[in-house]
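I have placed the structure first, in the form of structure tokens, so that the comments after it can refer back to it.
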Amino acid sequence: MTLAERVERLEHSPTLRIAAMAKRMMGEGHDVLDFSVGQPDFPTPSTVKEAGKNAIDANRTGYTANEGILELRVAIVEKLREENGLEYDPREVIVSPGAKATLYFLAMALFQAGDEVVIPAPYWVSYPEQVRLADATPVYVEAGESNDFRLTAAELEAAITPRTKAVILNYPSNPAGACYDRAELQAIAEVCVAHDVVVVADEIYERLLYDDRTFTSIAALGPEIKQRTIVVNGMSKAYSMTGWRLGYAAGPRDIIDAMGKIQSHSTSNATSITQWAGLEALRSAGADVRRMVSEFEHRRDVMLDRLLALPGVTCPRPAGAFYAFPNVSAYFGRSHPGGVVSSALDLAAYLLEEAQVALVPGEAFGAPSYVRLSYATSVENIEEGTDRMRAALDRLR
Ligand SMILES: Cc1ncc(COP(=O)(O)O)c(C=O)c1O
């Protein structure tokens with residue numbers, strides 16, 4: 001069968017090989033410690049689960065408004081006002097089945113052939129592919145380790161051409177946990193306004209922020225930047241609701257309407273039950289979120305200490321999310337009886353075989369000197385896993 005050319009443009013994930021190996025080994029009964037997962041290991045808060053069950057019992061199981069139930073959009077408007085200092089009308093909010101779908105509809109509504117979209121690297125794996133699916137061109141700008149994986153306004157400005165349509169900003173970031181402060185965002189916002197660049201602000205890890213940091217949405221920095229920003233967020237990470245599939249976007253009415261058109265002809269609405277559960281999450285799960293965040297922060301500290309104790313490894317301190325992104329290039333060129341480690345991909349394969357530790361090689365995120373470890377797992381696992389890594393790395397010659 002001849003497949004559409006757009007599918008040929010999609011890249012196979014370089015992590016698939018490692019994920020397939022990990023799965024095979026787990027299936028064979030090996031004790032694999034999995035640091036590759038991108039989801040919280042906590043259960044969904046019980047009040048939220050109850051709200052989902054109640055929605056079923058109350059027969060709230062039919063189609064909803066395409067853009068999401070009004071109650072939820074009103075709650076999102078309130079959340080954005082109270083937590084982010086942002087004013088929106090419910091008609092400027094759309095609810096979709098997950099932030100990933102939200103970002104996809106946004107890409108389809110906004111980008112077209114000839115457009116360039118600036119993506120700071122390291123980046124979340126789906127941004128380049130979504131940009132390509134929309135016929136536009138991803139333009140990568142390295143946000144280096146020396147600046148804790150944050151893009152500077154000058155780096156952004158240098159990447160802008162007459163074709164630049166947008167920049168995708170994700171903070172706290174997947175894969176590095178990088179977060180911007182207000183002054184940095186102000187400088188980036190000024191560049192975007194000056195060059196008429198749209199900001200796609202992926203704020204899905206907003207609540208998972210440590211060291212008493214406060215979150216600033218770039219859209220809150222003034223009317224000029226707000227009118228060219230689409231804020232994307234969702235329930236997956238903060239409320240441990242990955243499987244429920246609930247995301248949303250807030251932004252100018254024309255773009256939200258356009259996303260609604262695409263959604264109406266593809267997924268229709270986000271699941272009705274999920275929307276009622278999501279409403280409850282916004283209303284009552286604040287204490288659950290704070291508990292999870294405090295546990296993540298503790299694990300971040302343990303993970304970071306242990307990674308920094310590995311000879312040759314450097315790792316900026318993650319400000320948020322639940323990933324560490326250490327530089328492992330000191331091990332490139334070293335060998336083991338089975339071959340030579342010449343990339344993060346090789347190192348990930350070696351650690352999986354030798355230490356039964358699964359992590360994601362940096363090639364997946366456009367940063368081939370690094371690996372990503374998720375600390376959405378227990379402290380015992382983090383301790384055991386980093387011990388095993390150390391022993392295996394010590395055996396490299
Ligand atoms: C940076 C980032 N954005 C968006 C998503 C999508 O989240 P969801 O579709 O579960 O809402 C993820 C999930 O891994 C992510 O890491």
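Letters A, B, ... mark the chains of the structure tokens in the order given; residue numbers begin at 1 per chain; ligand numbers begin at 1, in order shown.
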
- prompt: Skipping near chain neighbours, those fewer than 5 positions away, what residues fall within 10 Å of A:Asp387 using only C-alpha atoms, listed as a ChimeraX atom specification?
  reply: /A:306-307,310,355,381-382,392-393

Set out as a tab-separated table a contact list for chain A and ligand 1 with a cut-off of 8 Å, giving each residue of chain A that qualifies its closest atom pair and distance in Å to one decimal, counting only C-alpha atoms and all ligand atoms, ordered by chain and rising residue number.
```
residue	atom	partner	partner_atom_place_in_ligand_line	distance
A:Gly38	CA	ligand 1	14 (O)	5.5
A:Gln39	CA	ligand 1	14 (O)	7.1
A:Pro97	CA	ligand 1	9 (O)	7.2
A:Gly98	CA	ligand 1	11 (O)	3.6
A:Ala99	CA	ligand 1	11 (O)	3.5
A:Lys100	CA	ligand 1	9 (O)	3.7
A:Ala101	CA	ligand 1	9 (O)	6.2
A:Thr102	CA	ligand 1	9 (O)	7.7
A:Leu103	CA	ligand 1	4 (C)	7.6
A:Tyr123	CA	ligand 1	1 (C)	7.9
A:Trp124	CA	ligand 1	1 (C)	5.3
A:Asn170	CA	ligand 1	1 (C)	6.1
A:Tyr171	CA	ligand 1	1 (C)	7.8
A:Ser173	CA	ligand 1	1 (C)	6.1
A:Asn174	CA	ligand 1	1 (C)	4.9
A:Pro175	CA	ligand 1	16 (O)	7.5
A:Asp202	CA	ligand 1	3 (N)	6.0
A:Glu203	CA	ligand 1	3 (N)	7.5
A:Ile204	CA	ligand 1	3 (N)	5.8
A:Tyr205	CA	ligand 1	1 (C)	7.2
A:Asn233	CA	ligand 1	11 (O)	7.2
A:Gly234	CA	ligand 1	11 (O)	5.0
A:Met235	CA	ligand 1	11 (O)	6.3
A:Ser236	CA	ligand 1	10 (O)	4.8
A:Lys237	CA	ligand 1	10 (O)	7.1
A:Met241	CA	ligand 1	10 (O)	7.8
A:Thr242	CA	ligand 1	10 (O)	5.0
A:Gly243	CA	ligand 1	10 (O)	7.4
A:Arg245	CA	ligand 1	10 (O)	6.0
A:Leu246	CA	ligand 1	11 (O)	5.8
A:Gly247	CA	ligand 1	11 (O)	5.1
```

Suppose we keep C-alpha atoms; can you now write the selection as a PDB file, in the first residue's frame?
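Resulting contents of out-v6.pdb:
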```pdb
ATOM      1  CA  GLY A  38       6.783  10.369  31.267  1.00  0.00           C
ATOM      2  CA  GLN A  39       3.960  10.116  33.732  1.00  0.00           C
ATOM      3  CA  PRO A  97      -8.376  15.175  24.561  1.00  0.00           C
ATOM      4  CA  GLY A  98      -4.929  15.930  26.023  1.00  0.00           C
ATOM      5  CA  ALA A  99      -2.373  18.703  25.592  1.00  0.00           C
ATOM      6  CA  LYS A 100      -0.820  16.713  22.759  1.00  0.00           C
ATOM      7  CA  ALA A 101      -4.048  16.868  20.752  1.00  0.00           C
ATOM      8  CA  THR A 102      -4.390  20.540  21.701  1.00  0.00           C
ATOM      9  CA  LEU A 103      -0.919  21.259  20.311  1.00  0.00           C
ATOM     10  CA  TYR A 123      12.745  19.764  22.910  1.00  0.00           C
ATOM     11  CA  TRP A 124       9.762  17.523  23.585  1.00  0.00           C
ATOM     12  CA  ASN A 170       7.917  24.820  27.070  1.00  0.00           C
ATOM     13  CA  TYR A 171       8.744  25.457  30.708  1.00  0.00           C
ATOM     14  CA  SER A 173      10.643  21.698  30.215  1.00  0.00           C
ATOM     15  CA  ASN A 174      10.554  18.132  29.127  1.00  0.00           C
ATOM     16  CA  PRO A 175      13.303  16.790  28.978  1.00  0.00           C
ATOM     17  CA  ASP A 202       3.263  24.736  26.561  1.00  0.00           C
ATOM     18  CA  GLU A 203       2.700  25.086  30.311  1.00  0.00           C
ATOM     19  CA  ILE A 204       1.784  21.477  31.065  1.00  0.00           C
ATOM     20  CA  TYR A 205       4.413  21.188  33.845  1.00  0.00           C
ATOM     21  CA  ASN A 233      -2.005  23.240  29.508  1.00  0.00           C
ATOM     22  CA  GLY A 234      -3.650  20.039  30.703  1.00  0.00           C
ATOM     23  CA  MET A 235      -4.448  17.738  33.572  1.00  0.00           C
ATOM     24  CA  SER A 236      -2.056  14.872  32.833  1.00  0.00           C
ATOM     25  CA  LYS A 237       1.014  15.875  34.806  1.00  0.00           C
ATOM     26  CA  MET A 241      -4.465  12.065  34.924  1.00  0.00           C
ATOM     27  CA  THR A 242      -2.453  10.930  31.889  1.00  0.00           C
ATOM     28  CA  GLY A 243      -4.909   8.246  30.838  1.00  0.00           C
ATOM     29  CA  ARG A 245      -6.823  12.642  28.258  1.00  0.00           C
ATOM     30  CA  LEU A 246      -7.636  16.254  29.013  1.00  0.00           C
ATOM     31  CA  GLY A 247      -5.860  19.348  27.757  1.00  0.00           C
TER      32      GLY A 247
END
```

Spatial neighbours of stretch 185-200 of chain A, max dist 9 Å, only C-alpha atoms, sep filter under 6 positions, as a PDB file with C-alpha atoms, in the first residue's frame:
```pdb
ATOM      1  CA  LEU A 103      -0.919  21.259  20.311  1.00  0.00           C
ATOM      2  CA  LEU A 106      -3.000  24.358  17.091  1.00  0.00           C
ATOM      3  CA  LEU A 151      16.773  29.905  25.219  1.00  0.00           C
ATOM      4  CA  THR A 152      17.982  33.498  25.397  1.00  0.00           C
ATOM      5  CA  ALA A 153      16.207  36.367  23.685  1.00  0.00           C
ATOM      6  CA  ALA A 154      19.360  36.995  21.601  1.00  0.00           C
ATOM      7  CA  LEU A 156      15.788  33.575  19.480  1.00  0.00           C
ATOM      8  CA  GLU A 157      16.266  36.836  17.617  1.00  0.00           C
ATOM      9  CA  ILE A 160      14.159  34.718  13.232  1.00  0.00           C
ATOM     10  CA  THR A 161      13.709  35.157   9.463  1.00  0.00           C
ATOM     11  CA  PRO A 162      10.860  36.684   7.449  1.00  0.00           C
ATOM     12  CA  THR A 164       9.262  32.727  11.174  1.00  0.00           C
ATOM     13  CA  LYS A 165       5.704  32.153  12.293  1.00  0.00           C
ATOM     14  CA  ALA A 166       6.100  31.018  15.879  1.00  0.00           C
ATOM     15  CA  VAL A 167       8.308  29.845  18.699  1.00  0.00           C
ATOM     16  CA  ILE A 168       7.362  26.930  20.929  1.00  0.00           C
ATOM     17  CA  LEU A 169       8.244  27.619  24.549  1.00  0.00           C
ATOM     18  CA  ASN A 170       7.917  24.820  27.070  1.00  0.00           C
ATOM     19  CA  THR A 216       5.122  33.243  35.185  1.00  0.00           C
ATOM     20  CA  SER A 217       3.136  32.708  32.025  1.00  0.00           C
ATOM     21  CA  ILE A 218       4.677  34.681  29.172  1.00  0.00           C
ATOM     22  CA  ALA A 219       1.135  35.695  28.155  1.00  0.00           C
ATOM     23  CA  LEU A 221       3.579  40.062  30.493  1.00  0.00           C
ATOM     24  CA  GLU A 224       0.883  42.809  23.129  1.00  0.00           C
ATOM     25  CA  ILE A 225       2.418  39.451  23.986  1.00  0.00           C
ATOM     26  CA  LYS A 226      -0.909  38.040  25.226  1.00  0.00           C
ATOM     27  CA  GLN A 227      -2.588  38.660  21.882  1.00  0.00           C
ATOM     28  CA  ARG A 228       0.059  36.602  20.089  1.00  0.00           C
ATOM     29  CA  THR A 229       0.337  33.788  22.647  1.00  0.00           C
ATOM     30  CA  ILE A 230      -1.639  30.569  22.893  1.00  0.00           C
ATOM     31  CA  VAL A 231      -1.372  29.067  26.363  1.00  0.00           C
ATOM     32  CA  VAL A 232      -1.547  25.260  26.350  1.00  0.00           C
TER      33      VAL A 232
END
```

query: Running DSSP on the backbone, which parts of stretch 99-327 of chain A land in helix (DSSP H, G or I), as a VMD selection string?
result: chain A and resid 99 to 110 126 to 133 145 to 147 153 to 159 182 to 194 218 to 221 223 to 226 253 to 264 272 to 284 286 to 308

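Across the structure, atom CA of A:Gly278 and atom CA of A:Ile256 are spaced 19.6 Å apart.
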
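The shortest atom-to-atom distance to A:Asp135, with only C-alpha atoms taken into account, belongs to A:Val7 out of A:Val7, A:Ala250, A:Leu209, A:Ala22.
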
Near-stretch 330-340 of chain A list (10 Å; only C-alpha atoms; drop same-chain fewer than 4 positions) as a short mmCIF file (atom, residue, chain, number, x, y, z; two decimals) with N, CA and C atoms, in the first residue's frame:
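And here's result_29.cif as it stands now:
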```
data_model
loop_
_atom_site.label_atom_id
_atom_site.label_comp_id
_atom_site.auth_asym_id
_atom_site.auth_seq_id
_atom_site.Cartn_x
_atom_site.Cartn_y
_atom_site.Cartn_z
N PRO A 311 31.27 9.81 37.93
CA PRO A 311 32.44 10.49 37.37
C PRO A 311 32.17 11.02 35.95
N GLY A 312 32.52 12.28 35.70
CA GLY A 312 32.42 12.84 34.35
C GLY A 312 31.04 13.38 33.99
N VAL A 313 30.05 13.13 34.84
CA VAL A 313 28.68 13.54 34.49
C VAL A 313 28.41 14.95 35.02
N THR A 314 27.80 15.78 34.17
CA THR A 314 27.33 17.10 34.62
C THR A 314 25.82 17.13 34.42
N ALA A 344 24.70 8.60 22.89
CA ALA A 344 23.78 8.41 24.02
C ALA A 344 22.92 7.16 23.78
N ASP A 346 23.88 4.44 22.20
CA ASP A 346 24.70 3.27 22.58
C ASP A 346 24.76 3.13 24.09
N LEU A 347 24.92 4.28 24.79
CA LEU A 347 25.05 4.21 26.24
C LEU A 347 23.75 3.70 26.86
N TYR A 350 23.63 0.04 26.34
CA TYR A 350 24.59 -0.61 27.25
C TYR A 350 24.02 -0.67 28.67
N SER A 369 24.21 14.55 23.50
CA SER A 369 25.22 14.31 24.54
C SER A 369 24.58 13.91 25.87
N ALA A 392 28.01 -0.17 36.25
CA ALA A 392 28.16 -0.47 34.82
C ALA A 392 29.09 0.56 34.15
N LEU A 393 28.96 1.83 34.52
CA LEU A 393 29.81 2.86 33.91
C LEU A 393 31.28 2.65 34.30
N ASP A 394 31.49 2.20 35.55
CA ASP A 394 32.87 1.93 36.01
C ASP A 394 33.53 0.83 35.19
N ARG A 395 32.72 -0.05 34.61
CA ARG A 395 33.30 -1.16 33.83
C ARG A 395 33.69 -0.74 32.41
N LEU A 396 33.29 0.45 31.99
CA LEU A 396 33.67 0.90 30.64
C LEU A 396 35.16 1.27 30.65
N ARG A 397 35.85 0.90 29.58
CA ARG A 397 37.30 1.18 29.51
C ARG A 397 37.59 2.25 28.48
#
```

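Atom CA of A:Asp212 is positioned 22.8 Å from atom CA of A:Pro326.
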
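Pairwise distance (atom CA of A:Pro90, atom CA of A:Ser264) equals 17.5 Å.
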
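Between A:Ser46 and the residues A:Arg73, A:Ser240, A:Ala178, A:Asp211, the shortest atom-to-atom distance, using only C-alpha atoms, involves A:Ser240.
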
task: Taking the chain letters and numbering used in this document, name the residues of stretch 111-284 of chain A that DSSP puts in strand (DSSP E or B), as a PyMOL selection string.
output: chain A and resi 116-121+137-142+164-170+198-202+209+229-234+247-250

Mind writing the picked residues with N, CA and C atoms as an mmCIF file, in the first residue's frame?
```cif
data_model
loop_
_atom_site.group_PDB
_atom_site.id
_atom_site.type_symbol
_atom_site.label_atom_id
_atom_site.label_comp_id
_atom_site.auth_asym_id
_atom_site.auth_seq_id
_atom_site.Cartn_x
_atom_site.Cartn_y
_atom_site.Cartn_z
ATOM 1 N N GLU A 116 8.287 28.884 9.201
ATOM 2 C CA GLU A 116 9.315 28.320 10.077
ATOM 3 C C GLU A 116 8.844 28.455 11.531
ATOM 4 N N VAL A 117 9.116 27.410 12.289
ATOM 5 C CA VAL A 117 8.727 27.420 13.702
ATOM 6 C C VAL A 117 9.980 27.157 14.537
ATOM 7 N N VAL A 118 10.309 28.097 15.383
ATOM 8 C CA VAL A 118 11.522 27.964 16.199
ATOM 9 C C VAL A 118 11.247 27.041 17.382
ATOM 10 N N ILE A 119 12.105 26.044 17.526
ATOM 11 C CA ILE A 119 11.967 25.075 18.621
ATOM 12 C C ILE A 119 13.295 25.020 19.373
ATOM 13 N N PRO A 120 13.322 25.495 20.616
ATOM 14 C CA PRO A 120 14.567 25.374 21.388
ATOM 15 C C PRO A 120 14.882 23.902 21.648
ATOM 16 N N ALA A 121 16.146 23.533 21.469
ATOM 17 C CA ALA A 121 16.568 22.153 21.753
ATOM 18 C C ALA A 121 17.405 22.154 23.019
ATOM 19 N N THR A 137 8.292 24.129 8.727
ATOM 20 C CA THR A 137 9.676 23.678 8.929
ATOM 21 C C THR A 137 10.130 23.996 10.353
ATOM 22 N N PRO A 138 10.552 22.966 11.106
ATOM 23 C CA PRO A 138 11.109 23.254 12.432
ATOM 24 C C PRO A 138 12.502 23.878 12.302
ATOM 25 N N VAL A 139 12.763 24.895 13.082
ATOM 26 C CA VAL A 139 14.099 25.514 13.122
ATOM 27 C C VAL A 139 14.603 25.349 14.554
ATOM 28 N N TYR A 140 15.661 24.575 14.714
ATOM 29 C CA TYR A 140 16.138 24.271 16.064
ATOM 30 C C TYR A 140 17.154 25.308 16.516
ATOM 31 N N VAL A 141 17.010 25.730 17.743
ATOM 32 C CA VAL A 141 18.005 26.619 18.337
ATOM 33 C C VAL A 141 18.478 25.942 19.617
ATOM 34 N N GLU A 142 19.783 25.724 19.690
ATOM 35 C CA GLU A 142 20.294 25.018 20.862
ATOM 36 C C GLU A 142 20.202 25.908 22.095
ATOM 37 N N THR A 164 9.541 33.239 9.825
ATOM 38 C CA THR A 164 9.262 32.727 11.174
ATOM 39 C C THR A 164 7.830 33.038 11.588
ATOM 40 N N LYS A 165 7.099 31.976 11.887
ATOM 41 C CA LYS A 165 5.704 32.153 12.293
ATOM 42 C C LYS A 165 5.565 32.132 13.815
ATOM 43 N N ALA A 166 6.327 31.227 14.443
ATOM 44 C CA ALA A 166 6.100 31.018 15.879
ATOM 45 C C ALA A 166 7.346 30.468 16.554
ATOM 46 N N VAL A 167 7.316 30.543 17.879
ATOM 47 C CA VAL A 167 8.308 29.845 18.699
ATOM 48 C C VAL A 167 7.527 28.994 19.695
ATOM 49 N N ILE A 168 8.018 27.787 19.932
ATOM 50 C CA ILE A 168 7.362 26.930 20.929
ATOM 51 C C ILE A 168 8.181 26.988 22.211
ATOM 52 N N LEU A 169 7.565 27.509 23.254
ATOM 53 C CA LEU A 169 8.244 27.619 24.549
ATOM 54 C C LEU A 169 7.613 26.637 25.517
ATOM 55 N N ASN A 170 8.420 25.804 26.105
ATOM 56 C CA ASN A 170 7.917 24.820 27.070
ATOM 57 C C ASN A 170 8.733 24.945 28.351
ATOM 58 N N VAL A 198 4.426 34.437 16.830
ATOM 59 C CA VAL A 198 3.436 33.847 17.743
ATOM 60 C C VAL A 198 4.167 32.991 18.775
ATOM 61 N N VAL A 199 3.677 32.972 20.010
ATOM 62 C CA VAL A 199 4.263 32.101 21.037
ATOM 63 C C VAL A 199 3.289 30.968 21.348
ATOM 64 N N VAL A 200 3.767 29.746 21.172
ATOM 65 C CA VAL A 200 3.024 28.584 21.647
ATOM 66 C C VAL A 200 3.620 28.272 23.010
ATOM 67 N N ALA A 201 2.859 28.517 24.070
ATOM 68 C CA ALA A 201 3.383 28.362 25.430
ATOM 69 C C ALA A 201 2.843 27.065 26.024
ATOM 70 N N ASP A 202 3.673 26.040 26.022
ATOM 71 C CA ASP A 202 3.263 24.736 26.561
ATOM 72 C C ASP A 202 3.579 24.730 28.055
ATOM 73 N N LEU A 209 6.953 22.646 40.069
ATOM 74 C CA LEU A 209 8.038 23.605 40.135
ATOM 75 C C LEU A 209 8.594 23.582 41.560
ATOM 76 N N THR A 229 -0.040 35.016 21.941
ATOM 77 C CA THR A 229 0.337 33.788 22.647
ATOM 78 C C THR A 229 -0.864 32.860 22.767
ATOM 79 N N ILE A 230 -0.624 31.578 22.579
ATOM 80 C CA ILE A 230 -1.639 30.569 22.893
ATOM 81 C C ILE A 230 -1.075 29.751 24.054
ATOM 82 N N VAL A 231 -1.780 29.807 25.173
ATOM 83 C CA VAL A 231 -1.372 29.067 26.363
ATOM 84 C C VAL A 231 -1.963 27.661 26.268
ATOM 85 N N VAL A 232 -1.092 26.656 26.395
ATOM 86 C CA VAL A 232 -1.547 25.260 26.350
ATOM 87 C C VAL A 232 -1.239 24.626 27.703
ATOM 88 N N ASN A 233 -2.206 23.879 28.222
ATOM 89 C CA ASN A 233 -2.005 23.240 29.508
ATOM 90 C C ASN A 233 -2.874 21.980 29.534
ATOM 91 N N GLY A 234 -2.848 21.255 30.634
ATOM 92 C CA GLY A 234 -3.650 20.039 30.703
ATOM 93 C C GLY A 234 -3.570 19.418 32.077
ATOM 94 N N GLY A 247 -6.745 18.190 27.912
ATOM 95 C CA GLY A 247 -5.860 19.348 27.757
ATOM 96 C C GLY A 247 -6.691 20.553 27.345
ATOM 97 N N TYR A 248 -6.079 21.720 27.355
ATOM 98 C CA TYR A 248 -6.830 22.893 26.919
ATOM 99 C C TYR A 248 -5.891 23.968 26.383
ATOM 100 N N ALA A 249 -6.487 24.883 25.646
ATOM 101 C CA ALA A 249 -5.735 26.039 25.160
ATOM 102 C C ALA A 249 -6.548 27.290 25.435
ATOM 103 N N ALA A 250 -5.836 28.398 25.673
ATOM 104 C CA ALA A 250 -6.478 29.707 25.813
ATOM 105 C C ALA A 250 -5.720 30.672 24.923
#
```

task: Pick out the residues sitting within 12 Å of A:Arg291, and hand them over as JSON, numbers by chain; count only C-alpha atoms, and ignore anything fewer than 4 positions along from it in its own chain.
output: {"A": [42, 45, 207, 208, 238, 239, 240, 285, 286, 287, 295, 296, 297, 298]}

Would you mind exporting the chosen residues as a PDB file, in the first residue's frame, restricted to C-alpha atoms?
```pdb
ATOM      1  CA  PHE A  42       0.752   8.602  41.848  1.00  0.00           C
ATOM      2  CA  PRO A  45      -6.702  12.104  43.386  1.00  0.00           C
ATOM      3  CA  ARG A 207       2.504  23.169  38.772  1.00  0.00           C
ATOM      4  CA  LEU A 208       5.573  20.936  39.089  1.00  0.00           C
ATOM      5  CA  ALA A 238      -0.221  18.022  37.712  1.00  0.00           C
ATOM      6  CA  TYR A 239      -3.214  15.856  38.586  1.00  0.00           C
ATOM      7  CA  SER A 240      -1.782  12.500  37.577  1.00  0.00           C
ATOM      8  CA  ALA A 285      -7.232  18.730  44.108  1.00  0.00           C
ATOM      9  CA  GLY A 286      -4.844  21.529  45.127  1.00  0.00           C
ATOM     10  CA  ALA A 287      -3.676  19.735  48.283  1.00  0.00           C
ATOM     11  CA  GLU A 295       7.567  14.265  46.869  1.00  0.00           C
ATOM     12  CA  PHE A 296       8.875  15.016  43.367  1.00  0.00           C
ATOM     13  CA  GLU A 297      11.135  17.719  44.778  1.00  0.00           C
ATOM     14  CA  HIS A 298      12.654  15.257  47.247  1.00  0.00           C
TER      15      HIS A 298
END
```

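Across A:Arg388, A:Arg290, A:Arg17, A:Arg372, the tightest approach to A:Val37 is made by A:Arg372 when counting only C-alpha atoms.
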
task: Would you mind listing what lies within 12 Å of A:Arg317 as a ChimeraX atom specification, with only C-alpha atoms counted and same-chain residues fewer than 6 positions away left out?
output: /A:145-149,172,176-179,209-211,297,300-305,307-308,323-326

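The shortest atom-to-atom distance to A:Val357, with only C-alpha atoms taken into account, belongs to A:Phe35 out of A:Phe35, A:Tyr370, A:Phe111, A:Tyr180.
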
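With only C-alpha atoms as the atoms that count, the residue of A:Thr214, A:Asp34, A:Glu78, A:Asp181 with the shortest distance to A:Ser378 is A:Asp34.
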